[in-house]
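Right, one structure below, let's go through it.
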Amino acid sequence: MRTLEDPRAHHPRPQMVRQQWASLDGRWEFAFDDLDAGMHEHWFDGRTLPRQIEVPFPYQSQASGIGTREVHEIMWYSRSFEVPEGWDYGALLLHFGACDYRADVWINGRVAGRNRGGHVPFSFDIAPYLKPGANRVTLRVEDRQDPYQPRGKQSSSGTPVRIYYYCTSGIWQNVWLEPVPALRIDHLRIHEALPDGTLALTVHLHGPASDWEAELDVLESLDSEQVCATARAASRGASLSLRTQVPQPALHAWSPASPHLYKLRVRLLHCGQLVDTVEAYAGLRSIELKDGYFHLNGKRTFLLMALDQGYWPDTLLAAPSDEALRADVEWARRFGFNGVRKHQKIEHERWLYWCDVLGLMVWEEMPNARSWSEESEERLELEWLRAVVRDANHPAIVGWVPVVESFGFPELTRHPHQHDFLERMVARTRMVDPTRPVIDNDGWQHTDVTDICTIHDYSHPVEKLLERYAGTLLTGLPPDTGWHKARELFLAGAQYRGQPIMFSEVGGYLLTPGGPERRRDRLYDHYGNVGDVDELAQRYRTLMQGLASLSFLAGLCYTQLTDVAHEQNGLLTEGREPRLPPEQVADLHRTLWPDAW
């Protein structure tokens, strides 16, 4: 098993790091269960499964060692493991980064826990089920082709069509063990991390405790052991509040131009004895929407983003490696973007770590269902709020997007319940995190409560787009309809109230395939197309120059950073080869929008 000392391993949860942990990634036993016989036949009770799979890659990917694209809705995983020698613990947590969609977990034939939700982490204390020597973990995973299930861009038929792709089923993020005390730190929540040095956080404990204390050390950087601020608090319940001030000259704000991070070390003590230690980090920055524009650290900043779907040809939604996650962040920066909109995916937390470290702002977006029901609403809400809790400490995140383009809400204009749900999602997101803007329904059909007015418009040529928004320059109001003529920008009873206006999808130039294939692909009904990279370069420059002339724009998001399956409209190919010279694109961006940095 890999441990933290292994240079190939990277802690899967960078905002909640303990020094002892062990990876369970690697070779697992595996089986499809198309007849749903496993429960009846007790496959969880020590049975050897017939196939092998490489975790954490979905069975549909080549990296898994299976690579079939056939639809299998029930699958089983199993492997043996031993607890590393020398571990002293009151509880042993078994962590899953993400497993799509419903998972039942057994340890040595005994039920350890269940989870529903394919994009967020879960964990169980498995200490009560362990025995000396070898132990066995077994999972039954169910991933139905269910349009009412939050699935993002995964096709609900299992077959790629238009903008939907092959599914990513089962385990697709890291699995690991972590020894912890019985009474421990469960979660750290940073409430304030401001450019003036104010830092406030809550330490949530695993159960109420009196006469316990927490100590916070703020270290000057991720690589430093020099303490620049401290705090101490006593517990009177299940949480402790810590507050401190980072002094000059150690004070540095976080921004894409200067992504400074402070290491945080939180210690839990009882009667003066150290019980638990967790490390995290913070970036000091502020977000404000003012006068129709986005402000970072008090400075008006143009949001210049690229759409990023986090998809790889050999691993699908699962990242090939930590290096691949970092590389995508570096590519976005090389092209001169200061942010990305992670589209219909809750990305691996290591990707957010690299956004924090390298300096790339992020809009985080929930993978939506395809169809509506009351249960689909409940599934979406519960999983989304878990994602916000997981990621709220990352300074790179500057916006939350619970729904996009009315995905899963096809009757918004005629169904008050669906309209109410969008407003409720905004309200509950703000309850969890009141510090960031919330976009209710990105691109289409806004309610009265959205913080930013976002528009998806792929009109071509650019002169057509500029003509449509010429009136906005005079009135400040966006037009009633955008690229999708049938979709009003605001729902009945809602209206534009001076929010920042952004084109959160624009561009999307597809390379034209040969022969009749273009006519068969409905993507070409919606996006512009180019014949070669020279035409792409010319069209891209013309588009950006046109958009820069729209003084009302607070930001934009270009579609897209990379090709994804049959969507051949990336600045990078699926294999991450650039179509345009990144430095030339970055120079164009910096010339047109000097206030983006």
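We name chains A, B, ... following the order of the structure tokens; residues begin at 1 in each chain, and ligands are numbered from 1 as shown.
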Counting only C-alpha atoms, which residues of region 97-200 of chain A fall within 12 Å of region 433-442 of chain A, and what is the closest atom pair for each with its distance in Å at one decimal, ordered by chain and rising number, as a Markdown table?
| residue | atom | partner | partner_atom | distance |
| --- | --- | --- | --- | --- |
| A:Arg189 | CA | A:Asp433 | CA | 10.1 |
| A:Ile190 | CA | A:Asp433 | CA | 10.0 |
| A:His191 | CA | A:Thr435 | CA | 8.2 |
| A:Glu192 | CA | A:Thr435 | CA | 8.5 |
| A:Ala193 | CA | A:Thr435 | CA | 10.3 |
| A:Leu194 | CA | A:Thr435 | CA | 10.8 |
Those same residues - C-alpha atoms - I'd like them written as a compact mmCIF listing (two decimals), in the first residue's frame.
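What ended up in out-v7.txt:
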# COMPACT_ATOMS: atom_id res chain seq x y z
CA ARG A 189 -14.60 25.46 8.05
CA ILE A 190 -12.93 28.74 7.13
CA HIS A 191 -15.50 31.54 7.50
CA GLU A 192 -13.28 34.55 6.92
CA ALA A 193 -9.94 34.82 5.13
CA LEU A 194 -9.72 38.47 4.15
*Within 8 Å of region 449-462 of chain A, counting only C-alpha atoms, which residues show up once you throw out same-chain ones fewer than 4 positions away? Write them as a VMD selection string, please.*
chain A and resid 423 426 437 to 444 466 482 to 484 489 496 499 to 508 526 to 528 542 to 543 546
*Of the candidates A:Ala537, A:Ala494, A:Cys355, A:Ala182, which shows the shortest atom-to-atom distance to Tyr89 (chain A), using only C-alpha atoms?*
A:Ala182
